[in-house]
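Below is coords_17.tsv, which holds TSV, C-alpha atoms.
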chain	number	residue	atom	x	y	z
A	26	MET	CA	0.00	0.00	0.00
A	27	LEU	CA	2.85	2.36	0.79
A	28	LEU	CA	4.52	1.77	-2.55
A	29	SER	CA	1.36	2.41	-4.54
A	30	ALA	CA	0.66	5.53	-2.52
A	31	VAL	CA	3.89	7.21	-3.56
A	32	SER	CA	4.64	5.70	-6.96
A	33	GLY	CA	2.76	8.40	-8.86
A	34	ALA	CA	4.48	11.35	-7.18
A	35	ILE	CA	8.20	11.46	-8.09
A	36	PRO	CA	10.73	8.75	-8.93
A	37	LEU	CA	11.40	7.03	-5.62
A	38	GLU	CA	13.79	4.33	-4.51
A	39	HIS	CA	12.34	1.94	-1.93
A	40	ALA	CA	14.43	0.53	0.90
A	41	LEU	CA	13.72	-2.19	3.43
A	42	TRP	CA	15.33	-2.33	6.85
A	43	ILE	CA	16.04	-5.96	7.78
A	44	ASP	CA	17.28	-7.78	10.90
A	45	HIS	CA	20.76	-9.20	10.28
A	46	ASN	CA	19.83	-12.17	12.47
A	47	ARG	CA	16.94	-13.12	10.17
A	48	LEU	CA	17.87	-12.66	6.53
A	49	PRO	CA	14.93	-13.25	4.15
A	50	ASP	CA	14.81	-16.29	1.88
A	51	ARG	CA	13.65	-14.18	-1.07
A	52	TRP	CA	14.79	-10.78	-2.25
A	53	ASP	CA	13.17	-8.05	-4.31
A	54	PRO	CA	15.91	-6.82	-6.67
A	55	ALA	CA	14.23	-3.41	-6.89
A	56	VAL	CA	14.60	-2.74	-3.15
A	57	ARG	CA	17.64	-1.33	-1.34
A	58	ILE	CA	18.64	-3.12	1.85
A	59	TYR	CA	19.20	-1.31	5.17
A	60	ILE	CA	21.08	-3.25	7.86
A	61	GLY	CA	22.64	-2.34	11.20
A	62	HIS	CA	21.28	-0.47	14.19
A	63	GLU	CA	20.42	3.19	14.60
A	64	THR	CA	20.58	3.63	18.36
A	65	CYS	CA	22.66	0.90	20.08
A	66	ARG	CA	26.20	-0.28	19.37
A	67	PHE	CA	25.57	-3.62	21.08
A	68	ARG	CA	22.92	-4.42	18.48
A	69	LEU	CA	25.18	-3.99	15.47
A	70	PRO	CA	26.13	-7.19	13.66
A	71	THR	CA	29.59	-8.55	14.36
A	72	PRO	CA	32.17	-8.01	11.62
A	73	ARG	CA	31.79	-11.68	10.67
A	74	GLN	CA	27.98	-11.43	10.47
A	75	ALA	CA	28.29	-8.20	8.47
A	76	GLY	CA	30.73	-9.73	6.02
A	77	GLU	CA	28.60	-12.83	5.49
A	78	ALA	CA	25.45	-10.75	4.98
A	79	ALA	CA	27.30	-8.49	2.55
A	80	GLY	CA	28.30	-11.56	0.53
A	81	VAL	CA	24.63	-12.54	0.22
A	82	PHE	CA	23.68	-9.02	-0.84
A	83	ARG	CA	26.41	-9.01	-3.47
A	84	GLU	CA	25.23	-12.33	-4.91
A	85	GLN	CA	21.71	-10.92	-5.15
A	86	GLY	CA	22.90	-7.68	-6.74
A	87	LEU	CA	21.29	-5.59	-3.99
A	88	PRO	CA	22.31	-2.03	-3.10
A	89	VAL	CA	23.18	-1.84	0.61
A	90	THR	CA	23.07	0.80	3.34
A	91	LEU	CA	24.67	0.14	6.73
A	92	VAL	CA	23.20	2.12	9.64
A	93	THR	CA	25.46	2.93	12.61
A	94	PRO	CA	24.52	4.27	16.08
A	95	PRO	CA	25.39	7.53	17.90
A	96	ALA	CA	27.67	8.62	20.75
A	97	LEU	CA	30.38	6.03	20.23
A	98	ALA	CA	33.29	6.11	22.67
A	99	ASN	CA	36.61	4.46	21.78
A	100	GLU	CA	35.43	0.86	22.10
A	101	GLY	CA	32.17	1.50	20.28
A	102	LEU	CA	33.90	3.45	17.54
A	103	LYS	CA	36.34	0.59	16.92
A	104	SER	CA	33.56	-2.00	16.73
A	105	ALA	CA	31.45	0.12	14.36
A	106	LEU	CA	34.41	0.78	12.06
A	107	ALA	CA	35.24	-2.95	12.03
A	108	VAL	CA	31.70	-3.67	10.82
A	109	ILE	CA	31.98	-1.01	8.10
A	110	GLU	CA	35.33	-2.37	6.94
A	111	ALA	CA	34.01	-5.96	6.84
A	112	MET	CA	31.08	-4.97	4.65
A	113	ARG	CA	33.18	-2.73	2.43
A	114	ARG	CA	35.58	-5.59	1.67
A	115	ALA	CA	32.67	-7.68	0.39
A	116	LEU	CA	30.88	-4.94	-1.57
A	117	ASP	CA	31.84	-2.68	-4.45
A	118	THR	CA	29.73	0.15	-3.05
A	119	LEU	CA	28.34	0.80	0.42
A	120	GLU	CA	26.35	3.62	1.97
A	121	VAL	CA	27.06	4.25	5.66
A	122	VAL	CA	24.41	6.10	7.65
A	123	CYS	CA	26.31	7.98	10.36
A	124	ASN	CA	24.73	9.07	13.63
A	125	ASP	CA	28.16	9.88	15.08
A	126	TRP	CA	30.42	12.60	13.71
A	127	GLY	CA	33.52	10.49	14.34
A	128	VAL	CA	32.18	7.64	12.21
A	129	MET	CA	31.29	10.10	9.48
A	130	GLU	CA	34.75	11.67	9.40
A	131	TYR	CA	36.61	8.34	9.48
A	132	THR	CA	34.38	6.76	6.83
A	133	ALA	CA	34.80	9.71	4.47
A	134	ARG	CA	38.54	10.19	5.06
A	135	ASN	CA	39.36	6.51	4.50
A	136	GLY	CA	37.01	5.91	1.58
A	137	LEU	CA	35.17	3.10	3.39
A	138	GLY	CA	31.85	4.00	1.80
A	139	THR	CA	29.52	6.85	0.97
A	140	PRO	CA	28.64	8.62	4.24
A	141	VAL	CA	25.03	9.64	4.85
A	142	ILE	CA	23.76	11.88	7.67
A	143	GLY	CA	21.56	9.84	10.02
A	144	ARG	CA	18.31	10.88	11.64
A	145	LEU	CA	19.98	11.63	14.98
A	146	LEU	CA	22.38	14.10	13.38
A	147	ALA	CA	19.69	15.67	11.17
A	148	ALA	CA	18.00	16.79	14.40
A	149	GLN	CA	14.37	17.13	13.40
A	150	ALA	CA	11.82	18.29	15.94
A	151	ALA	CA	10.17	14.93	16.71
A	152	ASP	CA	7.78	15.61	19.61
A	153	PRO	CA	4.34	14.36	18.44
A	154	ARG	CA	2.66	17.32	20.17
A	155	ILE	CA	4.11	19.72	17.57
A	156	ALA	CA	1.54	18.58	15.00
A	157	ARG	CA	-1.26	19.62	17.33
A	158	MET	CA	0.43	22.94	18.01
A	159	LEU	CA	0.54	23.71	14.27
A	160	CYS	CA	-3.08	22.78	13.60
A	161	PRO	CA	-5.31	25.72	12.58
A	162	ILE	CA	-7.30	27.34	15.36
A	163	VAL	CA	-10.92	26.23	15.06
A	164	ASP	CA	-13.82	28.46	16.16
A	165	GLY	CA	-15.83	26.94	18.94
A	166	GLN	CA	-13.00	24.93	20.45
A	167	PRO	CA	-13.62	24.50	24.17
A	168	PRO	CA	-11.40	26.70	26.33
A	169	LEU	CA	-8.55	25.14	28.27
A	170	PHE	CA	-8.28	26.06	31.93
A	171	VAL	CA	-4.99	25.78	33.83
A	172	THR	CA	-3.86	26.56	37.36
A	173	HIS	CA	-1.24	29.28	37.76
A	174	SER	CA	1.72	28.73	40.12
A	175	ASP	CA	0.01	31.03	42.64
A	176	GLY	CA	-3.15	28.92	42.55
A	177	THR	CA	-5.18	31.24	40.32
A	178	ARG	CA	-7.48	29.50	37.84
A	179	CYS	CA	-6.74	30.83	34.33
A	180	ARG	CA	-8.22	30.40	30.88
A	181	LEU	CA	-5.46	29.50	28.44
A	182	LEU	CA	-5.81	31.24	25.09
A	183	ARG	CA	-4.11	29.69	22.11
A	184	ARG	CA	-1.98	31.74	19.76
A	185	ALA	CA	-1.04	30.24	16.40
A	186	PRO	CA	2.72	30.07	15.75
A	187	SER	CA	4.16	32.36	13.13
A	188	ARG	CA	4.83	31.12	9.61
A	189	GLU	CA	8.57	31.28	10.37
A	190	MET	CA	8.18	29.15	13.48
A	191	ALA	CA	6.02	26.59	11.64
A	192	SER	CA	8.63	26.29	8.89
A	193	HIS	CA	11.39	25.89	11.46
A	194	LEU	CA	9.54	23.06	13.23
A	195	ARG	CA	8.94	21.25	9.93
A	196	SER	CA	12.55	21.46	8.78
A	197	CYS	CA	15.84	20.11	10.13
A	198	TRP	CA	18.82	22.06	11.41
A	199	LEU	CA	21.21	21.25	8.56
A	200	ASP	CA	18.89	22.44	5.79
A	201	ARG	CA	21.04	25.51	5.17
A	202	PRO	CA	23.37	26.16	2.22
A	203	GLU	CA	26.43	26.73	4.39
A	204	ILE	CA	25.92	23.45	6.32
A	205	LEU	CA	25.27	21.40	3.21
A	206	SER	CA	28.28	22.99	1.50
A	207	TYR	CA	30.47	21.95	4.43
A	208	LEU	CA	29.14	18.37	4.45
A	209	SER	CA	29.59	18.05	0.71
A	210	LYS	CA	33.35	18.32	1.26
A	211	TYR	CA	33.10	14.87	2.86
A	212	GLY	CA	31.29	13.48	-0.16
A	213	ILE	CA	27.93	13.58	1.64
A	214	ARG	CA	24.85	14.12	-0.50
A	215	ARG	CA	22.07	12.45	1.50
A	216	VAL	CA	20.22	12.92	4.80
A	217	GLU	CA	17.89	10.50	6.61
A	218	LEU	CA	14.64	11.97	7.97
A	219	SER	CA	11.57	10.82	9.88
A	220	ASN	CA	8.03	11.22	8.58
A	221	THR	CA	7.09	13.63	11.37
A	222	ALA	CA	3.40	14.24	12.01
A	223	GLN	CA	3.70	18.04	11.68
A	224	GLY	CA	4.85	17.71	8.07
A	225	ILE	CA	8.15	18.46	6.38
A	226	GLU	CA	9.60	21.51	4.66
A	227	LEU	CA	12.96	21.31	2.88
A	228	SER	CA	14.92	23.49	0.49
A	229	ARG	CA	15.73	22.15	-2.95
A	230	ILE	CA	19.51	22.33	-3.24
A	231	ALA	CA	21.29	20.80	-6.22
A	232	ASP	CA	22.75	17.31	-5.67
A	233	TRP	CA	21.13	16.87	-2.24
A	234	SER	CA	18.61	14.12	-1.50
A	235	TYR	CA	16.67	12.91	1.52
A	236	SER	CA	15.49	9.48	2.64
A	237	LEU	CA	12.14	9.39	4.43
A	238	HIS	CA	11.56	6.73	7.08
A	239	VAL	CA	7.91	5.64	7.15
A	240	PRO	CA	6.04	5.13	9.44
A	241	GLU	CA	8.34	5.17	12.47
A	242	VAL	CA	9.42	8.53	13.87
A	243	LEU	CA	12.46	8.41	16.17
A	244	VAL	CA	11.72	10.56	19.24
A	245	SER	CA	14.37	9.86	21.87
A	246	VAL	CA	17.25	7.55	22.79
A	247	PHE	CA	18.08	6.07	26.19
A	248	ARG	CA	21.71	5.64	27.16
A	249	GLN	CA	20.79	1.98	27.60
A	250	CYS	CA	17.67	-0.17	27.62
A	251	PRO	CA	15.62	0.58	30.77
A	252	GLY	CA	15.50	-2.13	33.39
A	253	LYS	CA	15.47	-2.33	37.16
A	254	GLY	CA	17.69	-0.24	39.37
A	255	GLU	CA	19.98	1.04	36.63
A	256	ASN	CA	22.54	3.68	37.37
A	257	PHE	CA	22.90	5.84	34.29
A	258	ASN	CA	26.20	7.20	35.60
A	259	ARG	CA	27.64	3.68	35.50
A	260	LEU	CA	26.39	1.90	32.44
A	261	ARG	CA	26.24	-1.86	32.43
A	262	ARG	CA	27.03	-3.86	29.33
A	263	CYS	CA	23.73	-4.46	27.60
A	264	GLY	CA	22.63	-8.08	27.27
A	265	GLU	CA	20.28	-9.75	24.84
A	266	GLN	CA	17.72	-10.24	27.61
A	267	THR	CA	17.31	-6.48	28.06
A	268	CYS	CA	17.01	-5.62	24.37
A	269	LYS	CA	13.28	-5.97	24.07
A	270	GLY	CA	10.63	-3.39	23.31
A	271	ASP	CA	7.62	-2.95	25.54
A	272	GLU	CA	4.68	-5.19	24.68
A	273	LYS	CA	2.18	-2.34	25.10
A	274	PRO	CA	2.37	1.19	23.63
A	275	TRP	CA	3.06	4.07	25.98
A	276	HIS	CA	-0.30	5.86	25.97
A	277	LEU	CA	-0.33	9.30	27.61
A	278	ALA	CA	-3.34	11.62	27.61
A	279	SER	CA	-1.10	14.61	26.83
A	280	LEU	CA	0.26	13.02	23.64
A	281	PRO	CA	-1.68	12.77	20.37
A	282	ALA	CA	0.21	9.59	19.41
A	283	ASP	CA	1.20	6.47	21.32
A	284	LEU	CA	4.92	5.91	21.86
A	285	PHE	CA	6.58	2.52	21.69
A	286	ARG	CA	10.04	1.33	22.61
A	287	ARG	CA	12.42	-0.68	20.48
A	288	ASP	CA	15.60	-1.53	22.34
A	289	ASN	CA	16.94	1.76	23.75
A	290	ALA	CA	14.80	4.21	21.72
A	291	LEU	CA	11.28	5.62	21.67
A	292	TYR	CA	9.22	6.00	18.49
A	293	TYR	CA	5.73	6.84	17.32
A	294	ARG	CA	4.13	5.95	14.00
A	295	CYS	CA	2.98	8.38	11.33
A	296	ARG	CA	1.66	6.53	8.28
A	297	LYS	CA	0.29	9.54	6.41
A	298	LEU	CA	2.79	10.75	3.85
A	299	PRO	CA	3.49	14.50	3.53
A	300	ALA	CA	0.93	16.25	1.34
A	301	ASN	CA	3.81	18.07	-0.38
A	302	LEU	CA	5.89	14.94	-1.01
A	303	ALA	CA	6.16	15.61	-4.76
A	304	ALA	CA	7.72	19.01	-4.03
A	305	LEU	CA	10.27	17.71	-1.53
A	306	PRO	CA	13.81	16.57	-2.45
A	307	VAL	CA	12.93	13.09	-1.14
A	308	ASP	CA	13.92	10.28	-3.48
A	309	ARG	CA	13.86	7.28	-1.12
A	310	ILE	CA	11.27	5.75	1.21
A	311	VAL	CA	12.59	3.48	3.97
A	312	GLY	CA	10.39	0.92	5.73
A	313	ARG	CA	10.93	-2.06	8.01
A	314	ALA	CA	10.59	-5.73	7.23
Kindly transcribe the structure held in the file into structure tokens.
Amino acid sequence: MLLSAVSGAIPLEHALWIDHNRLPDRWDPAVRIYIGHETCRFRLPTPRQAGEAAGVFREQGLPVTLVTPPALANEGLKSALAVIEAMRRALDTLEVVCNDWGVMEYTARNGLGTPVIGRLLAAQAADPRIARMLCPIVDGQPPLFVTHSDGTRCRLLRRAPSREMASHLRSCWLDRPEILSYLSKYGIRRVELSNTAQGIELSRIADWSYSLHVPEVLVSVFRQCPGKGENFNRLRRCGEQTCKGDEKPWHLASLPADLFRRDNALYYRCRKLPANLAALPVDRIVGRA
């Protein structure tokens, strides 16, 4: 349904994010493969797993994108680079989605692949409440009453954000000529984005493209998977038993969308594609298997 919904807009490449522990038996040659992990270094494939998977992708003639996580210290940086190198040895071409500036710089400087700016470096505004804030003010909406810090009961009047503020909240921080010019020196020409509920606004700048992840919007990242009695000042080594998402969505009355956890990150789902998709410099849609 997603493919048919966007096929008439602009030429789009379709990508499928797969679990390296469960490679499919059949492959669609028209689909790009995403592999890796966006938020946790312990969930990356090992160099051996990455190399073996890359061999399968090469046999199938599939284009491949490896996704790497953020905030990598020395040990994490070494393990991520080992995975990149293992895949690069098995593939003629490799995209590397970087959510860590160190990974981006090393990948570009050593020609290990084509670096791509990840969602965590693109820094979109991902709070699901923003969509509600940008909705038009409707006559007849019931007033909202709040209690002031001094105990006074007040009627809260809504004021629509300015056009400039709305555009800012629908864009991402690096959508500026000077930033893109700097990144292009590293051979970067692509940015990964979430399909945020408030919509998306992007400049059209020559040679720059965006990948849109649908339907999952990345909201926040924990330093580690939550458990019992953790001390976030002294991180434990994550184990397989802790890397599980919650069975039930996180439903909060103050949020217009339910959150859910996968490993050490929170997401919500937005299945509705941007109304202005045909006008955006988006040429790839990324989904999950």
- Here CA of Leu87 (chain A) and CA of Ile43 (chain A) stand apart by 12.9 Å
- Residues at most 10 Å from Pro202 (chain A), counting only C-alpha atoms, excluding those fewer than 4 positions away in the same chain, as a list in words?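 So, after excluding close chain neighbours, the residues are Ser206, Tyr207, Leu208, Ser228 and Ile230 of chain A.
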Selection file, C-alpha atoms, as an mmCIF file, in the frame of the given file:
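The file below, out_32.cif, is the result:
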data_model
loop_
_atom_site.group_PDB
_atom_site.id
_atom_site.type_symbol
_atom_site.label_atom_id
_atom_site.label_comp_id
_atom_site.auth_asym_id
_atom_site.auth_seq_id
_atom_site.Cartn_x
_atom_site.Cartn_y
_atom_site.Cartn_z
ATOM 1 C CA SER A 206 28.280 22.990 1.500
ATOM 2 C CA TYR A 207 30.470 21.950 4.430
ATOM 3 C CA LEU A 208 29.140 18.370 4.450
ATOM 4 C CA SER A 228 14.920 23.490 0.490
ATOM 5 C CA ILE A 230 19.510 22.330 -3.240
#
- Note on the structure: The distance between CA of Lys103 (chain A) and CA of Glu63 (chain A) is 16.3 Å
- At what distance in Å, to one decimal, does CA of Ser236 (chain A) lie from CA of Leu305 (chain A)?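 Interatomic distance, CA of Leu305 (chain A) to CA of Ser236 (chain A): 10.6 Å.
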- Message: Measuring between all atoms listed in the file, which one of A:Pro251, A:Gly224, A:Gly212, A:Pro274 shows the shortest distance to Val141 (chain A)?
- Response: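 Checking each of A:Pro251, A:Gly224, A:Gly212, A:Pro274 against Val141 (chain A), counting all atoms listed in the file, the winner is A:Gly212.
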- Task: Can you work out which one of A:His45, A:Arg188, A:Arg195, A:Arg144 has the shortest atom-to-atom distance to Thr64 (chain A), counting all atoms listed in the file?
- Result: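 So, comparing all the options, the nearest one is A:Arg144.
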Protein, DNA and RNA residues within 6 Å of (26.1, 11.3, 1.4), all atoms listed in the file, as a short mmCIF file (atom, residue, chain, number, x, y, z; two decimals) with C-alpha atoms, in the coordinates of the input:
data_model
loop_
_atom_site.label_atom_id
_atom_site.label_comp_id
_atom_site.auth_asym_id
_atom_site.auth_seq_id
_atom_site.Cartn_x
_atom_site.Cartn_y
_atom_site.Cartn_z
CA THR A 139 29.52 6.85 0.97
CA PRO A 140 28.64 8.62 4.24
CA VAL A 141 25.03 9.64 4.85
CA GLY A 212 31.29 13.48 -0.16
CA ILE A 213 27.93 13.58 1.64
CA ARG A 214 24.85 14.12 -0.50
CA ARG A 215 22.07 12.45 1.50
#
- Task: Please provide as an NGL selection string all residues within 7 Å of Leu91 (chain A), with the sequence filter that same-chain residues fewer than 4 positions apart are discarded (counting only C-alpha atoms).
- Result: :A and (59-61 or 120-122)
- Query: Which residue, A:Met112, A:Ala156, A:Val56, A:Leu284, has the smallest gap to Ala40 (chain A) when you use only C-alpha atoms?
  - Reply: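 Of A:Met112, A:Ala156, A:Val56, A:Leu284, the one nearest Ala40 (chain A) is A:Val56, counting only C-alpha atoms.
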- Go through A:Arg114, A:Arg313, A:Arg201, A:Arg183 one by one, measure the shortest atom-to-atom distance of each to Ala79 (chain A) using only C-alpha atoms, and give the residue with the smallest value.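 Of A:Arg114, A:Arg313, A:Arg201, A:Arg183, the one nearest Ala79 (chain A) is A:Arg114, counting only C-alpha atoms.
Minimum atom-to-atom distance to Leu227 (chain A), evaluated using all atoms listed in the file, belongs to A:Ala303 out of A:Ala303, A:Leu119, A:Leu37, A:Val246.
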